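query.cif, holding mmCIF, C-alpha atoms:
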```cif
data_run
loop_
_atom_site.group_PDB
_atom_site.id
_atom_site.type_symbol
_atom_site.label_atom_id
_atom_site.label_comp_id
_atom_site.auth_asym_id
_atom_site.auth_seq_id
_atom_site.Cartn_x
_atom_site.Cartn_y
_atom_site.Cartn_z
ATOM 1 C CA MET A 4 40.977 22.753 -9.335
ATOM 2 C CA MET A 5 40.006 20.699 -6.275
ATOM 3 C CA ALA A 6 37.604 22.437 -3.940
ATOM 4 C CA THR A 7 38.915 23.329 -0.482
ATOM 5 C CA ARG A 8 35.679 24.316 1.245
ATOM 6 C CA ASP A 9 35.083 22.130 4.278
ATOM 7 C CA ASP A 10 31.485 21.347 3.384
ATOM 8 C CA TRP A 11 32.087 17.893 1.926
ATOM 9 C CA ARG A 12 30.716 14.791 3.578
ATOM 10 C CA VAL A 13 30.667 11.016 3.199
ATOM 11 C CA VAL A 14 27.264 9.391 2.825
ATOM 12 C CA LEU A 15 26.708 5.642 3.161
ATOM 13 C CA HIS A 16 24.648 3.546 0.745
ATOM 14 C CA ASP A 17 21.525 3.841 2.910
ATOM 15 C CA GLY A 18 21.645 7.646 3.060
ATOM 16 C CA ARG A 19 23.208 7.975 6.523
ATOM 17 C CA VAL A 20 25.923 10.636 6.863
ATOM 18 C CA TYR A 21 29.166 8.907 7.907
ATOM 19 C CA ALA A 22 31.279 12.072 8.247
ATOM 20 C CA GLU A 23 30.922 15.759 7.395
ATOM 21 C CA ASN A 24 32.701 19.121 7.510
ATOM 22 C CA LEU A 25 35.538 17.732 5.377
ATOM 23 C CA ASN A 26 37.330 19.103 2.349
ATOM 24 C CA GLN A 27 37.074 17.190 -0.922
ATOM 25 C CA ALA A 28 40.352 15.308 -0.523
ATOM 26 C CA GLN A 29 39.484 14.223 3.009
ATOM 27 C CA ALA A 30 36.011 13.106 1.960
ATOM 28 C CA GLU A 31 37.314 11.052 -0.979
ATOM 29 C CA GLU A 32 39.975 9.434 1.190
ATOM 30 C CA MET A 33 37.466 8.525 3.873
ATOM 31 C CA ALA A 34 34.961 7.173 1.296
ATOM 32 C CA ALA A 35 37.708 4.957 -0.137
ATOM 33 C CA MET A 36 38.531 3.702 3.350
ATOM 34 C CA VAL A 37 34.860 2.896 4.017
ATOM 35 C CA LEU A 38 34.649 0.911 0.786
ATOM 36 C CA GLN A 39 37.871 -0.953 1.560
ATOM 37 C CA ASN A 40 36.426 -1.921 4.936
ATOM 38 C CA GLY A 41 33.603 -3.771 3.205
ATOM 39 C CA ALA A 42 30.758 -1.251 3.242
ATOM 40 C CA PRO A 43 28.136 -1.855 0.488
ATOM 41 C CA GLY A 44 28.710 1.638 -0.793
ATOM 42 C CA ALA A 45 29.724 5.176 0.070
ATOM 43 C CA ARG A 46 29.747 8.452 -1.812
ATOM 44 C CA THR A 47 30.999 11.980 -1.356
ATOM 45 C CA GLU A 48 28.898 15.094 -1.801
ATOM 46 C CA ARG A 49 28.845 18.732 -0.819
ATOM 47 C CA ALA A 50 26.263 19.868 1.690
ATOM 48 C CA SER A 51 25.464 22.785 -0.607
ATOM 49 C CA TRP A 52 24.295 20.354 -3.302
ATOM 50 C CA ARG A 53 21.483 19.180 -1.068
ATOM 51 C CA SER A 54 20.301 22.706 -0.352
ATOM 52 C CA GLN A 55 20.273 23.493 -4.078
ATOM 53 C CA GLN A 56 18.095 20.523 -4.984
ATOM 54 C CA GLN A 57 14.523 21.186 -5.956
ATOM 55 C CA PRO A 58 12.125 20.436 -3.097
ATOM 56 C CA GLN A 59 10.222 17.205 -3.475
ATOM 57 C CA SER A 60 6.922 17.808 -5.158
ATOM 58 C CA ALA A 61 3.782 16.893 -3.297
ATOM 59 C CA PRO A 62 2.302 13.514 -4.252
ATOM 60 C CA LYS A 63 -0.359 13.637 -6.897
ATOM 61 C CA PRO A 64 -3.838 13.389 -5.420
ATOM 62 C CA ILE A 65 -5.474 10.007 -5.814
ATOM 63 C CA SER A 66 -9.234 9.792 -5.932
ATOM 64 C CA THR A 67 -10.563 8.093 -2.832
ATOM 65 C CA PRO A 68 -14.110 7.572 -1.627
ATOM 66 C CA ALA A 69 -15.478 10.083 0.827
ATOM 67 C CA VAL A 70 -16.059 9.169 4.434
ATOM 68 C CA TRP A 71 -18.926 6.719 4.739
ATOM 69 C CA THR A 72 -22.376 8.284 4.929
ATOM 70 C CA PRO A 73 -25.423 6.038 5.436
ATOM 71 C CA PRO A 74 -27.655 6.138 2.359
ATOM 72 C CA ALA A 75 -31.090 7.713 2.421
ATOM 73 C CA PRO A 76 -34.022 5.312 2.724
ATOM 74 C CA GLY A 77 -34.661 3.665 -0.616
ATOM 75 C CA GLN A 78 -31.132 4.409 -1.874
ATOM 76 C CA GLU A 79 -29.407 1.425 -0.263
ATOM 77 C CA ARG A 80 -28.906 -0.543 -3.472
ATOM 78 C CA GLU A 81 -27.729 2.511 -5.394
ATOM 79 C CA ALA A 82 -25.218 3.313 -2.644
ATOM 80 C CA LEU A 83 -23.966 -0.260 -2.854
ATOM 81 C CA ARG A 84 -23.624 0.043 -6.629
ATOM 82 C CA GLU A 85 -21.451 3.158 -6.231
ATOM 83 C CA ALA A 86 -19.358 1.482 -3.536
ATOM 84 C CA ILE A 87 -18.661 -1.487 -5.839
ATOM 85 C CA VAL A 88 -17.486 0.854 -8.617
ATOM 86 C CA ARG A 89 -15.288 2.852 -6.242
ATOM 87 C CA ARG A 90 -13.778 -0.318 -4.845
ATOM 88 C CA ALA A 91 -12.864 -1.496 -8.347
ATOM 89 C CA ASP A 92 -11.382 1.902 -9.245
ATOM 90 C CA ALA A 93 -9.339 1.983 -6.033
ATOM 91 C CA SER A 94 -7.981 -1.498 -6.741
ATOM 92 C CA VAL A 95 -6.870 -0.436 -10.234
ATOM 93 C CA ALA A 96 -5.244 2.713 -8.830
ATOM 94 C CA LEU A 97 -3.424 0.666 -6.203
ATOM 95 C CA ASN A 98 -2.053 -1.794 -8.757
ATOM 96 C CA ARG A 99 -0.827 1.058 -10.958
ATOM 97 C CA ALA A 100 0.776 2.899 -8.033
ATOM 98 C CA ARG A 101 2.460 -0.291 -6.822
ATOM 99 C CA ALA A 102 3.885 -1.009 -10.278
ATOM 100 C CA ALA A 103 5.104 2.586 -10.646
ATOM 101 C CA SER A 104 6.725 2.563 -7.193
ATOM 102 C CA GLU A 105 8.498 -0.716 -7.926
ATOM 103 C CA SER A 106 9.781 0.712 -11.216
ATOM 104 C CA GLY A 107 10.960 3.850 -9.406
ATOM 105 C CA THR A 108 12.848 1.747 -6.869
ATOM 106 C CA ARG A 109 14.554 -0.258 -9.622
ATOM 107 C CA PHE A 110 15.451 2.969 -11.418
ATOM 108 C CA LEU A 111 16.982 4.368 -8.226
ATOM 109 C CA ASP A 112 18.912 1.138 -7.624
ATOM 110 C CA ASP A 113 20.350 1.303 -11.141
ATOM 111 C CA ALA A 114 21.305 4.950 -10.670
ATOM 112 C CA GLN A 115 22.974 4.158 -7.340
ATOM 113 C CA ALA A 116 24.872 1.260 -8.904
ATOM 114 C CA GLU A 117 26.178 3.638 -11.554
ATOM 115 C CA VAL A 118 27.400 5.994 -8.806
ATOM 116 C CA TYR A 119 29.295 3.101 -7.220
ATOM 117 C CA ARG A 120 30.897 2.241 -10.576
ATOM 118 C CA GLN A 121 31.911 5.837 -11.232
ATOM 119 C CA ALA A 122 33.232 6.229 -7.665
ATOM 120 C CA GLU A 123 35.433 3.155 -8.099
ATOM 121 C CA ALA A 124 36.644 4.401 -11.489
ATOM 122 C CA HIS A 125 37.396 7.823 -10.014
ATOM 123 C CA GLN A 126 39.264 6.268 -7.121
ATOM 124 C CA SER A 127 41.342 4.178 -9.528
ATOM 125 C CA ALA A 128 42.108 7.222 -11.679
ATOM 126 C CA THR A 129 43.095 9.185 -8.571
ATOM 127 C CA LYS A 130 45.481 6.455 -7.456
ATOM 128 C CA GLU A 131 46.972 6.225 -10.947
ATOM 129 C CA ALA A 132 47.492 9.997 -11.095
ATOM 130 C CA GLY A 133 49.013 9.970 -7.645
ATOM 131 C CA ALA A 134 51.440 7.209 -8.644
ATOM 132 C CA LEU A 135 52.577 9.182 -11.701
ATOM 133 C CA ILE A 136 53.117 12.306 -9.652
ATOM 134 C CA ALA A 137 55.039 10.333 -7.032
ATOM 135 C CA GLU A 138 57.276 8.896 -9.745
ATOM 136 C CA ALA A 139 57.837 12.370 -11.165
ATOM 137 C CA ILE A 140 58.799 13.643 -7.738
ATOM 138 C CA ARG A 141 61.273 10.805 -7.352
ATOM 139 C CA SER A 142 62.741 11.712 -10.745
ATOM 140 C CA GLY A 143 62.988 15.382 -9.836
ATOM 141 C CA VAL A 144 60.649 16.520 -12.604
ATOM 142 C CA ALA A 145 57.533 17.141 -10.535
ATOM 143 C CA SER A 146 57.235 20.707 -11.845
ATOM 144 C CA THR A 147 56.637 19.385 -15.364
ATOM 145 C CA VAL A 148 53.852 16.966 -14.376
ATOM 146 C CA THR A 149 50.278 18.078 -14.624
ATOM 147 C CA ARG A 150 47.694 15.403 -14.022
ATOM 148 C CA THR A 151 44.105 16.098 -13.088
ATOM 149 C CA VAL A 152 41.281 13.628 -12.484
ATOM 150 C CA ASP A 153 37.967 14.466 -14.087
ATOM 151 C CA ARG A 154 35.030 14.164 -11.662
ATOM 152 C CA GLY A 155 32.460 14.984 -14.325
ATOM 153 C CA ARG A 156 31.100 11.481 -14.795
ATOM 154 C CA LEU A 157 30.868 10.878 -11.062
ATOM 155 C CA ILE A 158 29.109 14.193 -10.456
ATOM 156 C CA ASP A 159 26.683 13.470 -13.293
ATOM 157 C CA ALA A 160 25.978 10.000 -11.911
ATOM 158 C CA GLU A 161 25.338 11.424 -8.443
ATOM 159 C CA ALA A 162 23.017 14.059 -9.878
ATOM 160 C CA ARG A 163 21.060 11.378 -11.778
ATOM 161 C CA ARG A 164 20.918 9.281 -8.598
ATOM 162 C CA ASP A 165 19.593 12.215 -6.561
ATOM 163 C CA THR A 166 16.953 12.929 -9.188
ATOM 164 C CA ALA A 167 15.977 9.259 -9.219
ATOM 165 C CA ARG A 168 15.626 9.336 -5.425
ATOM 166 C CA VAL A 169 13.230 12.293 -5.623
ATOM 167 C CA ALA A 170 11.170 10.427 -8.204
ATOM 168 C CA ALA A 171 11.186 7.225 -6.155
ATOM 169 C CA ASP A 172 10.091 9.114 -3.034
ATOM 170 C CA GLU A 173 7.231 10.731 -4.930
ATOM 171 C CA LEU A 174 6.079 7.386 -6.314
ATOM 172 C CA ALA A 175 6.339 5.815 -2.865
ATOM 173 C CA ALA A 176 4.153 8.592 -1.447
ATOM 174 C CA GLU A 177 1.610 7.974 -4.195
ATOM 175 C CA LEU A 178 1.621 4.285 -3.320
ATOM 176 C CA LEU A 179 0.857 5.090 0.317
ATOM 177 C CA ALA A 180 -2.019 7.310 -0.795
ATOM 178 C CA ALA A 181 -3.327 4.556 -3.086
ATOM 179 C CA GLU A 182 -3.141 2.002 -0.264
ATOM 180 C CA ALA A 183 -5.109 4.343 1.987
ATOM 181 C CA GLY A 184 -7.674 4.877 -0.768
ATOM 182 C CA ASP A 185 -7.998 1.142 -1.289
ATOM 183 C CA LYS A 186 -8.630 0.552 2.414
ATOM 184 C CA THR A 187 -11.215 3.339 2.486
ATOM 185 C CA ALA A 188 -12.991 1.918 -0.549
ATOM 186 C CA GLU A 189 -13.017 -1.542 1.016
ATOM 187 C CA SER A 190 -14.504 -0.176 4.225
ATOM 188 C CA CYS A 191 -17.185 1.746 2.316
ATOM 189 C CA LEU A 192 -18.108 -1.351 0.320
ATOM 190 C CA ARG A 193 -18.357 -3.452 3.454
ATOM 191 C CA LEU A 194 -20.569 -0.859 5.128
ATOM 192 C CA ALA A 195 -22.776 -0.437 2.055
ATOM 193 C CA ALA A 196 -23.268 -4.197 1.814
ATOM 194 C CA GLY A 197 -23.956 -4.274 5.546
ATOM 195 C CA VAL A 198 -26.872 -1.876 5.128
ATOM 196 C CA VAL A 199 -28.446 -4.163 2.520
ATOM 197 C CA LYS A 200 -27.855 -7.208 4.721
ATOM 198 C CA GLN A 201 -29.432 -5.380 7.648
ATOM 199 C CA GLN A 202 -32.500 -4.811 5.491
ATOM 200 C CA GLN A 203 -32.615 -8.504 4.686
ATOM 201 C CA LEU A 204 -32.327 -9.370 8.359
ATOM 202 C CA ALA A 205 -35.224 -7.040 9.176
ATOM 203 C CA ALA A 206 -37.286 -8.709 6.441
ATOM 204 C CA LEU A 207 -36.547 -12.149 7.891
ATOM 205 C CA VAL A 208 -37.504 -11.003 11.381
ATOM 206 C CA ASP A 209 -40.769 -9.515 10.055
ATOM 207 C CA ARG A 210 -41.514 -12.763 8.263
ATOM 208 C CA LEU A 211 -40.797 -14.765 11.414
ATOM 209 C CA ASP A 212 -43.069 -12.465 13.401
ATOM 210 C CA THR A 213 -45.868 -12.970 10.889
ATOM 211 C CA LEU A 214 -45.434 -16.750 10.935
ATOM 212 C CA GLN A 215 -45.320 -16.846 14.729
ATOM 213 C CA ARG A 216 -48.496 -14.805 14.978
ATOM 214 C CA GLU A 217 -50.159 -17.143 12.493
ATOM 215 C CA ALA A 218 -48.874 -20.172 14.426
ATOM 216 C CA TRP A 219 -50.229 -18.879 17.739
ATOM 217 C CA LYS A 220 -53.556 -18.102 16.081
ATOM 218 C CA LEU A 221 -53.748 -21.658 14.720
ATOM 219 C CA ARG A 222 -52.726 -23.139 18.079
ATOM 220 C CA PHE A 223 -55.449 -21.160 19.889
ATOM 221 C CA GLN A 224 -58.069 -22.234 17.374
ATOM 222 C CA ILE A 225 -56.983 -25.877 17.698
ATOM 223 C CA GLU A 226 -57.091 -25.774 21.501
ATOM 224 C CA MET A 227 -60.543 -24.183 21.472
ATOM 225 C CA SER A 228 -61.863 -26.986 19.277
ATOM 226 C CA ARG A 229 -62.851 -28.862 22.434
ATOM 227 C CA LEU A 230 -65.666 -26.362 22.875
ATOM 228 C CA SER A 231 -67.169 -27.880 19.739
ATOM 229 C CA ASP A 232 -67.022 -31.366 21.190
ATOM 230 C CA LEU A 233 -63.893 -32.243 19.185
ATOM 231 C CA ALA A 234 -61.035 -34.353 20.459
ATOM 232 C CA LEU A 235 -57.373 -34.195 19.553
ATOM 233 C CA THR A 236 -55.790 -37.403 18.392
ATOM 234 C CA PRO A 237 -52.487 -38.534 19.899
ATOM 235 C CA GLN A 238 -50.745 -37.394 16.714
ATOM 236 C CA HIS A 239 -52.278 -33.924 17.045
ATOM 237 C CA GLN A 240 -51.212 -33.708 20.674
ATOM 238 C CA TYR A 241 -47.677 -34.800 19.770
ATOM 239 C CA ILE A 242 -47.394 -32.050 17.146
ATOM 240 C CA LEU A 243 -48.610 -29.417 19.586
ATOM 241 C CA SER A 244 -46.208 -30.572 22.285
ATOM 242 C CA ASN A 245 -43.120 -31.104 20.151
ATOM 243 C CA PRO A 246 -41.881 -28.259 17.923
ATOM 244 C CA VAL A 247 -40.774 -29.374 14.474
ATOM 245 C CA PRO A 248 -36.959 -29.524 14.338
ATOM 246 C CA SER A 249 -35.235 -27.305 11.801
ATOM 247 C CA GLU A 250 -34.074 -28.930 8.584
ATOM 248 C CA LEU A 251 -31.335 -26.268 8.322
ATOM 249 C CA SER A 252 -28.142 -26.618 10.339
ATOM 250 C CA GLN A 253 -26.260 -23.690 11.859
ATOM 251 C CA GLY A 254 -23.412 -24.247 9.409
ATOM 252 C CA GLU A 255 -25.746 -24.141 6.424
ATOM 253 C CA ALA A 256 -27.412 -20.968 7.705
ATOM 254 C CA ALA A 257 -24.021 -19.288 8.243
ATOM 255 C CA ALA A 258 -22.887 -20.352 4.762
ATOM 256 C CA HIS A 259 -26.031 -18.783 3.294
ATOM 257 C CA TRP A 260 -25.098 -15.434 4.857
ATOM 258 C CA ARG A 261 -21.530 -15.714 3.559
ATOM 259 C CA ARG A 262 -22.756 -16.416 0.038
ATOM 260 C CA PHE A 263 -25.116 -13.455 0.253
ATOM 261 C CA SER A 264 -22.288 -11.207 1.485
ATOM 262 C CA ASP A 265 -19.969 -12.317 -1.329
ATOM 263 C CA ALA A 266 -22.677 -11.816 -3.931
ATOM 264 C CA LEU A 267 -23.361 -8.252 -2.742
ATOM 265 C CA ARG A 268 -19.689 -7.340 -3.281
ATOM 266 C CA GLU A 269 -20.084 -8.082 -6.972
ATOM 267 C CA ASN A 270 -23.747 -7.413 -7.724
ATOM 268 C CA PRO A 271 -25.781 -4.651 -6.069
ATOM 269 C CA GLU A 272 -28.982 -6.459 -7.074
ATOM 270 C CA ALA A 273 -28.046 -9.782 -5.440
ATOM 271 C CA THR A 274 -30.918 -11.335 -3.532
ATOM 272 C CA TRP A 275 -31.178 -13.504 -0.444
ATOM 273 C CA GLU A 276 -33.006 -16.192 -2.361
ATOM 274 C CA GLY A 277 -30.372 -16.210 -5.078
ATOM 275 C CA ALA A 278 -27.639 -16.939 -2.538
ATOM 276 C CA GLN A 279 -29.174 -20.251 -1.459
#
```
Using structure tokens, write down the structure from this file.
Amino acid sequence: MMATRDDWRVVLHDGRVYAENLNQAQAEEMAAMVLQNGAPGARTERASWRSQQQPQSAPKPISTPAVWTPPAPGQEREALREAIVRRADASVALNRARAASESGTRFLDDAQAEVYRQAEAHQSATKEAGALIAEAIRSGVASTVTRTVDRGRLIDAEARRDTARVAADELAAELLAAEAGDKTAESCLRLAAGVVKQQQLAALVDRLDTLQREAWKLRFQIEMSRLSDLALTPQHQYILSNPVPSELSQGEAAAHWRRFSDALRENPEATWEGAQ
């Protein structure tokens, strides 16, 4: 028997409710009209079905690196090693979550397509039954005609579609969590490598300080040579007055830092000298 409760509604292909508070006949008629007007899809459902569905399960937790904490002195390379491993793990988790979410979306699309097929078949069967009853009425034998349209396949298809949507939503939530974990892992790796690069910068500055102190010491000793009745040649005076130009361009120096940065992302033991 056809339900008469006015809790039926028409839902468009994108999930928006087109009309509600209808009985089943009204909902089916309106869904057919929506389809005839060129809509990509429309379905009928009872509001009570939604309330009876199982609540969407929470997304499965995905392991993500903790918030960045600067390593203890002497642990910089070990922290970088852990960051490299976590970054690789997060990338694998992201690829798996993306593939699963894409599969879930395809599964939902297939389930929705089946609902459309069953809705069209049900509409055709309804029209056929209606035509037979109309003919019986014209012939005066309506009381002997019994024709019902089975909604079982359509209801089953809608139930499978709703289950597929829950699964797709869960997989989509897991993908969002995996994307967040991947970004966190990338940030931690960048920060861990930055600590090692900062150490290298400090070492270069210390080396420059040592060389400058040695250079000033040599310059002072050279200038005081006149107290020993020594004279500077023109070449000596030129060297003292004209700093030696660098053999390294700015572009080459910047490229050296980029190579060092790239190497640290792959190898926690990468060295400044090795990146030349």
(request) Translate the PyMOL selection byres ((chain A and resi 271) around 10), as applied to the file shown, into an explicit residue set as a VMD selection string. (result) chain A and resid 79 to 87 195 to 196 199 266 to 270 272 to 274
(message) Quick check on the file I pasted: which residues fall under the PyMOL selection byres ((chain A and resi 120-132) around 9)? Write them as a ChimeraX atom specification.
(response) /A:31-32,35,45-47,115-119,133-137,150-154,156-158,160
(message) Here is a test: counting all atoms listed in the file, which residue of A:Thr166, A:Gln201, A:Ser231, A:Thr187 is nearest to Leu111 in chain A?
(response)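 For Leu111 in chain A, the nearest of the candidates is A:Thr166.
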(message) One number please: CA of Arg49 in chain A to CA of Ala30 in chain A, in Å, one decimal.
(response)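 Atom-to-atom, CA of Arg49 in chain A and CA of Ala30 in chain A are spaced 9.5 Å apart.
Each of A:Arg229, A:Arg222, A:Arg168, A:Arg163 was checked against Leu243 in chain A using only C-alpha atoms; the smallest atom-to-atom distance is that of A:Arg222.
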Once the PyMOL selection byres ((chain A and resi 170) around 10) has been evaluated on this model, what residues remain selected, and can you format them as a PDB file with C-alpha atoms, in the frame of the given file?
```pdb
ATOM      1  CA  GLN A  59      10.222  17.205  -3.475  1.00  0.00           C
ATOM      2  CA  SER A  60       6.922  17.808  -5.158  1.00  0.00           C
ATOM      3  CA  SER A 104       6.725   2.563  -7.193  1.00  0.00           C
ATOM      4  CA  GLY A 107      10.960   3.850  -9.406  1.00  0.00           C
ATOM      5  CA  THR A 108      12.848   1.747  -6.869  1.00  0.00           C
ATOM      6  CA  PHE A 110      15.451   2.969 -11.418  1.00  0.00           C
ATOM      7  CA  LEU A 111      16.982   4.368  -8.226  1.00  0.00           C
ATOM      8  CA  ARG A 164      20.918   9.281  -8.598  1.00  0.00           C
ATOM      9  CA  ASP A 165      19.593  12.215  -6.561  1.00  0.00           C
ATOM     10  CA  THR A 166      16.953  12.929  -9.188  1.00  0.00           C
ATOM     11  CA  ALA A 167      15.977   9.259  -9.219  1.00  0.00           C
ATOM     12  CA  ARG A 168      15.626   9.336  -5.425  1.00  0.00           C
ATOM     13  CA  VAL A 169      13.230  12.293  -5.623  1.00  0.00           C
ATOM     14  CA  ALA A 171      11.186   7.225  -6.155  1.00  0.00           C
ATOM     15  CA  ASP A 172      10.091   9.114  -3.034  1.00  0.00           C
ATOM     16  CA  GLU A 173       7.231  10.731  -4.930  1.00  0.00           C
ATOM     17  CA  LEU A 174       6.079   7.386  -6.314  1.00  0.00           C
ATOM     18  CA  ALA A 175       6.339   5.815  -2.865  1.00  0.00           C
ATOM     19  CA  ALA A 176       4.153   8.592  -1.447  1.00  0.00           C
TER      20      ALA A 176
END
```
(request) Using CA of Asp10 in chain A and CA of Gln27 in chain A as the two end points, give the distance in Å to one decimal. (result)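 The value is 8.2 Å.
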(request) Could you check which of A:Ala278, A:Ala218, A:Ile242, A:Met227 is closest to Ala257 in chain A, using all atoms listed in the file? (result)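 Selected residue with least distance to Ala257 in chain A: A:Ala278.
Taking CA of Gln202 in chain A and CA of Trp219 in chain A as the two end points, the separation is 25.7 Å.
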(request) Would you mind telling me which residue in A:Met33, A:Val198, A:Ile140, A:Ala180 lies nearest to Gly77 in chain A when using all atoms listed in the file? (result) A:Val198
Using only the atoms of range 107-121 of chain A listed in the file, plus 4 Å on each side, state the axis-aligned box centre and edge lengths in Å rounded to one decimal, as AutoDock Vina command-line options.
```
--center_x 21.4 --center_y 2.9 --center_z -9.2 --size_x 29.0 --size_y 14.3 --size_z 12.7
```
Add whatever atoms are absent from range 242-262 of chain A to reach N, CA and C atoms, and provide the output as an mmCIF file, in the coordinates of the input.
```
data_model
loop_
_atom_site.group_PDB
_atom_site.id
_atom_site.type_symbol
_atom_site.label_atom_id
_atom_site.label_comp_id
_atom_site.auth_asym_id
_atom_site.auth_seq_id
_atom_site.Cartn_x
_atom_site.Cartn_y
_atom_site.Cartn_z
ATOM 1 N N ILE A 242 -47.834 -33.198 17.944
ATOM 2 C CA ILE A 242 -47.394 -32.050 17.146
ATOM 3 C C ILE A 242 -47.437 -30.770 17.968
ATOM 4 N N LEU A 243 -48.489 -30.617 18.770
ATOM 5 C CA LEU A 243 -48.610 -29.417 19.586
ATOM 6 C C LEU A 243 -47.564 -29.371 20.693
ATOM 7 N N SER A 244 -47.144 -30.520 21.159
ATOM 8 C CA SER A 244 -46.208 -30.572 22.285
ATOM 9 C C SER A 244 -44.745 -30.620 21.855
ATOM 10 N N ASN A 245 -44.501 -30.946 20.617
ATOM 11 C CA ASN A 245 -43.120 -31.104 20.151
ATOM 12 C C ASN A 245 -42.882 -30.239 18.902
ATOM 13 N N PRO A 246 -42.164 -29.109 19.083
ATOM 14 C CA PRO A 246 -41.881 -28.259 17.923
ATOM 15 C C PRO A 246 -41.140 -29.034 16.834
ATOM 16 N N VAL A 247 -41.415 -28.711 15.602
ATOM 17 C CA VAL A 247 -40.774 -29.374 14.474
ATOM 18 C C VAL A 247 -39.301 -28.957 14.414
ATOM 19 N N PRO A 248 -38.385 -29.896 14.404
ATOM 20 C CA PRO A 248 -36.959 -29.524 14.338
ATOM 21 C C PRO A 248 -36.625 -28.881 12.999
ATOM 22 N N SER A 249 -35.643 -27.993 13.028
ATOM 23 C CA SER A 249 -35.235 -27.305 11.801
ATOM 24 C C SER A 249 -34.513 -28.264 10.866
ATOM 25 N N GLU A 250 -34.789 -28.141 9.581
ATOM 26 C CA GLU A 250 -34.074 -28.930 8.584
ATOM 27 C C GLU A 250 -32.786 -28.254 8.142
ATOM 28 N N LEU A 251 -32.521 -27.050 8.697
ATOM 29 C CA LEU A 251 -31.335 -26.268 8.322
ATOM 30 C C LEU A 251 -30.373 -26.222 9.501
ATOM 31 N N SER A 252 -29.133 -26.642 9.274
ATOM 32 C CA SER A 252 -28.142 -26.618 10.339
ATOM 33 C C SER A 252 -27.574 -25.218 10.506
ATOM 34 N N GLN A 253 -26.901 -24.987 11.621
ATOM 35 C CA GLN A 253 -26.260 -23.690 11.859
ATOM 36 C C GLN A 253 -25.201 -23.399 10.797
ATOM 37 N N GLY A 254 -24.443 -24.435 10.428
ATOM 38 C CA GLY A 254 -23.412 -24.247 9.409
ATOM 39 C C GLY A 254 -23.994 -23.846 8.069
ATOM 40 N N GLU A 255 -25.110 -24.482 7.701
ATOM 41 C CA GLU A 255 -25.746 -24.141 6.424
ATOM 42 C C GLU A 255 -26.315 -22.730 6.455
ATOM 43 N N ALA A 256 -26.875 -22.324 7.595
ATOM 44 C CA ALA A 256 -27.412 -20.968 7.705
ATOM 45 C C ALA A 256 -26.288 -19.928 7.613
ATOM 46 N N ALA A 257 -25.161 -20.215 8.291
ATOM 47 C CA ALA A 257 -24.021 -19.288 8.243
ATOM 48 C C ALA A 257 -23.453 -19.203 6.830
ATOM 49 N N ALA A 258 -23.402 -20.348 6.141
ATOM 50 C CA ALA A 258 -22.887 -20.352 4.762
ATOM 51 C C ALA A 258 -23.784 -19.535 3.845
ATOM 52 N N HIS A 259 -25.094 -19.571 4.106
ATOM 53 C CA HIS A 259 -26.031 -18.783 3.294
ATOM 54 C C HIS A 259 -25.721 -17.293 3.428
ATOM 55 N N TRP A 260 -25.445 -16.836 4.653
ATOM 56 C CA TRP A 260 -25.098 -15.434 4.857
ATOM 57 C C TRP A 260 -23.770 -15.083 4.183
ATOM 58 N N ARG A 261 -22.819 -15.987 4.224
ATOM 59 C CA ARG A 261 -21.530 -15.714 3.559
ATOM 60 C C ARG A 261 -21.709 -15.601 2.054
ATOM 61 N N ARG A 262 -22.513 -16.488 1.486
ATOM 62 C CA ARG A 262 -22.756 -16.416 0.038
ATOM 63 C C ARG A 262 -23.466 -15.117 -0.328
#
```
